[in-house]
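> The structure that follows is given in the form of structure tokens.
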Amino acid sequence: MTAAQMSQPVVSVREVHKAFGRLQVLRGVTVSAGKGEVVCLIGPSGSGKSTLLRCINHLEHIDAGEITVESQLVGYRRQADGRLRELTPRETARRRARIGMVFQQFNLFAHLTVLQNVIEAPTRVLRVDRKTAIAHARTLLDRVGLGDKGDARPWQLSGGQQQRVAIARALAMRPTVMLFDEPTSALDPELVGEVLDVMRGLAREGMTMIVATHEMGFAREVADQVVFLDGGVIVERGPAAQVLDHPGHQRTRQFLASIAGRGDLSAARPTQARA
């Protein structure tokens with residue numbers, strides 16, 4: 001990635017604060033993702049990873065700070081006096097179209113077929129004509145290895161297949177950035193690999209991605225930057241090998257050791273370099 005690409009991040013989060021009542025979930029978080037960069041957010045449950053992703057997509061309102069995607073404010077417009085005014089739901093939906101998001105739960109429409117799930121947002125939000133949307137959807141389903149499942153209902157699919165449909169659905173909006181909120185946490189262990197393979201493919205193709213994950217092997221393999229959050233603040237950040245192999249903060253070392261103790265740190269230990 002060039003210095004020019006990094007100087008103009010696709011996603012920029014600056015000094016963001018978010019509280020739920022008295023609980024301070026995000027406390028001055030600053031993070032960015034350049035074009036084609038993969039940022040992996042790691043940390044214990046309750047550290048603020050999911051809330052940060054939801055704020056980037058304006059599913060949660062921030063209390064302070066600023067978030068931009070492609071230099072445009074997310075959810076707000078700056079007025080002449082410098083104050084921010086929240087966009088209307090319609091305006092927010094249009095801007096949100098550039099941000100794909102995949103959740104822990106698949107959130108597919110059970111009454112629609114797989115193909116109908118994928119074309120729903122492009123036809124309704126982007127006003128893409130149905131024939132074009134269907135052609136694109138079939139291409140995306142092929143891409144995630146589900147080209148033969150277009151007529152199936154979500155309940156007929158495995159969890160891994162449903163999550164791959166959810167990825168195809170997000171990609172159908174032709175987003176600039178993809179957000180993944182623990183996309184494998186609800187899956188049986190044997191189904192995790194098929195979802196991570198799709199995400200690896202997106203990384204190879206240059207999709208800008210911010211991923212909240214406990215899959216340290218995946219983070220090691222694809223992340224340009226690993227960000228460790230705890231208690232709503234960024235404790236440590238850096239290249240994957242640096243943070244995972246040589247963490248500089250005691251709290252990071254404790255977290256990685258706890259995952260290793262559960263047998264989840266498959267690639268947080270040094271591995272042989274890939275050819």
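We name chains A, B, ... following the order of the structure tokens; residues begin at 1 in each chain, and ligands are numbered from 1 as shown.
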I'd like the neighbourhood of A:Leu73 as a PyMOL selection string, where a residue qualifies if any of its atoms comes within 12 Å (using only C-alpha atoms), though same-chain residues fewer than 3 positions away should be ignored.
chain A and resi 10-14+55-58+65-70+76-79+84-87+91-92+95-96
> I'd like to know which residues of stretch 14-237 of chain A are strand (DSSP E or B) (by DSSP, run on the backbone); could you write them as a PyMOL selection string?
chain A and resi 14-20+23-33+38-42+64-69+72-73+76-78+84-86+99-102+177-181+208-212+225-230+233-237
> Suppose you want the space between atom CA of A:Trp155 and atom CA of A:Leu179; what is it in Å?
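Going from atom CA of A:Trp155 over to atom CA of A:Leu179 covers 24.2 Å.
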> Need the shell around A:Gly160: protein/DNA/RNA residues with any atom at most 12 Å away, counting only C-alpha atoms. Skip same-chain ones fewer than 3 positions apart. Format as a PDB file with N, CA, C and O atoms, in the first residue's frame?

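Output contents, as saved in part09.pdb:
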ATOM      1  N   GLN A 104     -22.947 -10.794  13.429  1.00  0.00           N
ATOM      2  CA  GLN A 104     -22.738 -12.103  14.056  1.00  0.00           C
ATOM      3  C   GLN A 104     -23.846 -13.062  13.651  1.00  0.00           C
ATOM      4  O   GLN A 104     -23.597 -14.198  13.269  1.00  0.00           O
ATOM      5  N   GLN A 105     -25.089 -12.599  13.773  1.00  0.00           N
ATOM      6  CA  GLN A 105     -26.227 -13.372  13.300  1.00  0.00           C
ATOM      7  C   GLN A 105     -26.481 -12.998  11.852  1.00  0.00           C
ATOM      8  O   GLN A 105     -26.188 -11.890  11.423  1.00  0.00           O
ATOM      9  N   PHE A 106     -27.059 -13.890  11.095  1.00  0.00           N
ATOM     10  CA  PHE A 106     -27.091 -13.734   9.648  1.00  0.00           C
ATOM     11  C   PHE A 106     -28.126 -12.703   9.189  1.00  0.00           C
ATOM     12  O   PHE A 106     -27.958 -12.049   8.171  1.00  0.00           O
ATOM     13  N   VAL A 144     -19.202 -16.624  -3.758  1.00  0.00           N
ATOM     14  CA  VAL A 144     -19.124 -17.155  -2.393  1.00  0.00           C
ATOM     15  C   VAL A 144     -19.413 -18.652  -2.350  1.00  0.00           C
ATOM     16  O   VAL A 144     -19.603 -19.235  -1.272  1.00  0.00           O
ATOM     17  N   GLY A 145     -19.442 -19.281  -3.520  1.00  0.00           N
ATOM     18  CA  GLY A 145     -19.595 -20.728  -3.585  1.00  0.00           C
ATOM     19  C   GLY A 145     -21.005 -21.238  -3.393  1.00  0.00           C
ATOM     20  O   GLY A 145     -21.200 -22.402  -3.031  1.00  0.00           O
ATOM     21  N   LEU A 146     -21.997 -20.394  -3.692  1.00  0.00           N
ATOM     22  CA  LEU A 146     -23.392 -20.786  -3.487  1.00  0.00           C
ATOM     23  C   LEU A 146     -24.239 -20.540  -4.738  1.00  0.00           C
ATOM     24  O   LEU A 146     -25.438 -20.257  -4.640  1.00  0.00           O
ATOM     25  N   PRO A 154     -33.350 -19.572   3.533  1.00  0.00           N
ATOM     26  CA  PRO A 154     -32.268 -19.561   4.526  1.00  0.00           C
ATOM     27  C   PRO A 154     -32.283 -20.752   5.474  1.00  0.00           C
ATOM     28  O   PRO A 154     -31.221 -21.280   5.819  1.00  0.00           O
ATOM     29  N   TRP A 155     -33.470 -21.186   5.897  1.00  0.00           N
ATOM     30  CA  TRP A 155     -33.544 -22.278   6.858  1.00  0.00           C
ATOM     31  C   TRP A 155     -33.085 -23.613   6.275  1.00  0.00           C
ATOM     32  O   TRP A 155     -32.854 -24.563   7.013  1.00  0.00           O
ATOM     33  N   GLN A 156     -32.920 -23.671   4.973  1.00  0.00           N
ATOM     34  CA  GLN A 156     -32.438 -24.893   4.327  1.00  0.00           C
ATOM     35  C   GLN A 156     -30.913 -24.941   4.243  1.00  0.00           C
ATOM     36  O   GLN A 156     -30.353 -25.920   3.765  1.00  0.00           O
ATOM     37  N   LEU A 157     -30.249 -23.888   4.694  1.00  0.00           N
ATOM     38  CA  LEU A 157     -28.800 -23.774   4.585  1.00  0.00           C
ATOM     39  C   LEU A 157     -28.133 -23.958   5.943  1.00  0.00           C
ATOM     40  O   LEU A 157     -28.729 -23.727   6.988  1.00  0.00           O
ATOM     41  N   GLN A 163     -24.146 -17.374   6.357  1.00  0.00           N
ATOM     42  CA  GLN A 163     -23.246 -16.238   6.518  1.00  0.00           C
ATOM     43  C   GLN A 163     -22.637 -15.833   5.181  1.00  0.00           C
ATOM     44  O   GLN A 163     -22.430 -14.639   4.923  1.00  0.00           O
ATOM     45  N   ARG A 164     -22.379 -16.800   4.323  1.00  0.00           N
ATOM     46  CA  ARG A 164     -21.870 -16.461   2.991  1.00  0.00           C
ATOM     47  C   ARG A 164     -22.924 -15.737   2.166  1.00  0.00           C
ATOM     48  O   ARG A 164     -22.600 -14.836   1.381  1.00  0.00           O
ATOM     49  N   VAL A 165     -24.190 -16.102   2.342  1.00  0.00           N
ATOM     50  CA  VAL A 165     -25.269 -15.353   1.692  1.00  0.00           C
ATOM     51  C   VAL A 165     -25.291 -13.919   2.222  1.00  0.00           C
ATOM     52  O   VAL A 165     -25.461 -12.961   1.455  1.00  0.00           O
ATOM     53  N   ALA A 166     -25.106 -13.770   3.534  1.00  0.00           N
ATOM     54  CA  ALA A 166     -25.086 -12.433   4.125  1.00  0.00           C
ATOM     55  C   ALA A 166     -23.946 -11.592   3.540  1.00  0.00           C
ATOM     56  O   ALA A 166     -24.107 -10.384   3.319  1.00  0.00           O
ATOM     57  N   ILE A 167     -22.806 -12.205   3.277  1.00  0.00           N
ATOM     58  CA  ILE A 167     -21.691 -11.487   2.654  1.00  0.00           C
ATOM     59  C   ILE A 167     -22.067 -11.081   1.232  1.00  0.00           C
ATOM     60  O   ILE A 167     -21.835  -9.941   0.808  1.00  0.00           O
ATOM     61  N   PRO A 183     -17.977 -12.376  12.429  1.00  0.00           N
ATOM     62  CA  PRO A 183     -18.831 -13.108  11.476  1.00  0.00           C
ATOM     63  C   PRO A 183     -18.829 -14.615  11.652  1.00  0.00           C
ATOM     64  O   PRO A 183     -19.684 -15.295  11.077  1.00  0.00           O
ATOM     65  N   THR A 184     -17.884 -15.160  12.431  1.00  0.00           N
ATOM     66  CA  THR A 184     -17.846 -16.612  12.618  1.00  0.00           C
ATOM     67  C   THR A 184     -18.245 -17.044  14.025  1.00  0.00           C
ATOM     68  O   THR A 184     -18.231 -18.234  14.329  1.00  0.00           O
ATOM     69  N   SER A 185     -18.611 -16.098  14.879  1.00  0.00           N
ATOM     70  CA  SER A 185     -18.833 -16.438  16.287  1.00  0.00           C
ATOM     71  C   SER A 185     -20.066 -17.317  16.496  1.00  0.00           C
ATOM     72  O   SER A 185     -20.136 -18.044  17.492  1.00  0.00           O
ATOM     73  N   ALA A 186     -21.030 -17.256  15.580  1.00  0.00           N
ATOM     74  CA  ALA A 186     -22.245 -18.053  15.747  1.00  0.00           C
ATOM     75  C   ALA A 186     -22.174 -19.385  15.006  1.00  0.00           C
ATOM     76  O   ALA A 186     -23.163 -20.113  14.957  1.00  0.00           O
ATOM     77  N   LEU A 187     -21.011 -19.713  14.444  1.00  0.00           N
ATOM     78  CA  LEU A 187     -20.883 -20.901  13.608  1.00  0.00           C
ATOM     79  C   LEU A 187     -20.266 -22.065  14.375  1.00  0.00           C
ATOM     80  O   LEU A 187     -19.434 -21.880  15.263  1.00  0.00           O
ATOM     81  N   ASP A 188     -20.650 -23.269  13.981  1.00  0.00           N
ATOM     82  CA  ASP A 188     -19.952 -24.450  14.464  1.00  0.00           C
ATOM     83  C   ASP A 188     -18.516 -24.396  13.954  1.00  0.00           C
ATOM     84  O   ASP A 188     -18.262 -23.891  12.847  1.00  0.00           O
ATOM     85  N   PRO A 189     -17.558 -24.916  14.727  1.00  0.00           N
ATOM     86  CA  PRO A 189     -16.147 -24.802  14.337  1.00  0.00           C
ATOM     87  C   PRO A 189     -15.840 -25.293  12.928  1.00  0.00           C
ATOM     88  O   PRO A 189     -15.023 -24.695  12.224  1.00  0.00           O
ATOM     89  N   GLU A 190     -16.501 -26.359  12.484  1.00  0.00           N
ATOM     90  CA  GLU A 190     -16.178 -26.895  11.163  1.00  0.00           C
ATOM     91  C   GLU A 190     -16.684 -26.015  10.024  1.00  0.00           C
ATOM     92  O   GLU A 190     -16.310 -26.222   8.863  1.00  0.00           O
ATOM     93  N   LEU A 191     -17.525 -25.016  10.332  1.00  0.00           N
ATOM     94  CA  LEU A 191     -18.062 -24.135   9.299  1.00  0.00           C
ATOM     95  C   LEU A 191     -17.324 -22.803   9.225  1.00  0.00           C
ATOM     96  O   LEU A 191     -17.565 -22.019   8.316  1.00  0.00           O
ATOM     97  N   VAL A 192     -16.448 -22.558  10.183  1.00  0.00           N
ATOM     98  CA  VAL A 192     -15.750 -21.268  10.234  1.00  0.00           C
ATOM     99  C   VAL A 192     -14.883 -21.052   8.996  1.00  0.00           C
ATOM    100  O   VAL A 192     -14.858 -19.967   8.406  1.00  0.00           O
ATOM    101  N   GLY A 193     -14.183 -22.104   8.561  1.00  0.00           N
ATOM    102  CA  GLY A 193     -13.227 -21.974   7.469  1.00  0.00           C
ATOM    103  C   GLY A 193     -13.845 -21.482   6.179  1.00  0.00           C
ATOM    104  O   GLY A 193     -13.240 -20.672   5.463  1.00  0.00           O
ATOM    105  N   GLU A 194     -15.070 -21.930   5.865  1.00  0.00           N
ATOM    106  CA  GLU A 194     -15.662 -21.550   4.588  1.00  0.00           C
ATOM    107  C   GLU A 194     -15.993 -20.062   4.550  1.00  0.00           C
ATOM    108  O   GLU A 194     -15.913 -19.427   3.486  1.00  0.00           O
ATOM    109  N   VAL A 195     -16.338 -19.484   5.688  1.00  0.00           N
ATOM    110  CA  VAL A 195     -16.610 -18.049   5.739  1.00  0.00           C
ATOM    111  C   VAL A 195     -15.298 -17.267   5.670  1.00  0.00           C
ATOM    112  O   VAL A 195     -15.188 -16.271   4.943  1.00  0.00           O
ATOM    113  N   LEU A 196     -14.298 -17.715   6.419  1.00  0.00           N
ATOM    114  CA  LEU A 196     -13.006 -17.025   6.387  1.00  0.00           C
ATOM    115  C   LEU A 196     -12.376 -17.085   5.005  1.00  0.00           C
ATOM    116  O   LEU A 196     -11.704 -16.138   4.581  1.00  0.00           O
ATOM    117  N   ASP A 197     -12.597 -18.166   4.269  1.00  0.00           N
ATOM    118  CA  ASP A 197     -12.061 -18.259   2.910  1.00  0.00           C
ATOM    119  C   ASP A 197     -12.640 -17.169   2.013  1.00  0.00           C
ATOM    120  O   ASP A 197     -11.927 -16.574   1.194  1.00  0.00           O
ATOM    121  N   VAL A 198     -13.938 -16.906   2.151  1.00  0.00           N
ATOM    122  CA  VAL A 198     -14.560 -15.833   1.369  1.00  0.00           C
ATOM    123  C   VAL A 198     -13.954 -14.486   1.753  1.00  0.00           C
ATOM    124  O   VAL A 198     -13.641 -13.656   0.888  1.00  0.00           O
TER     125      VAL A 198
END
> Tell me which of A:Gly248, A:His111, A:Val102, A:Gly36 sits closest to A:Met207, counting only C-alpha atoms.
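Of all the options, A:Gly36 lies closest to A:Met207.
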> If you measure from atom CA of A:Ser47 to atom CA of A:Ile234, what distance in Å do you get, rounded to one decimal?
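So the two atoms, atom CA of A:Ser47 and atom CA of A:Ile234, lie 9.3 Å apart.
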> Under the rule that only C-alpha atoms are counted, which of A:Ile259, A:Met209, A:Val128, A:Val227 is the nearest residue to A:Leu41?
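The answer is A:Val227, which sits nearest to A:Leu41.
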> Would you mind listing what lies within 10 Å of stretch 213-222 of chain A as a ChimeraX atom specification, with only C-alpha atoms counted and same-chain residues fewer than 6 positions away left out?
/A:37-45,49-50,180-185,192-193,196-197,199-204,239-245,256,259-260,264-271,274
> I want to know what sits within 12 Å of A:Ala135, based on only C-alpha atoms, with residues of the same chain fewer than 2 positions away left out; could you give that as a ChimeraX atom specification?
/A:115-116,118-119,122,128-133,137-142,147,150,172
> Skip A:Val25 itself and residues of its chain fewer than 4 positions away, then list as a ChimeraX atom specification all residues within 9 Å of it, counting only C-alpha atoms.
/A:17-20,46-48,51-52,231-233
> Between atom CA of A:Ser71 and atom CA of A:Thr208, what is the distance, to one decimal in Å?
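A separation of 14.6 Å between them.
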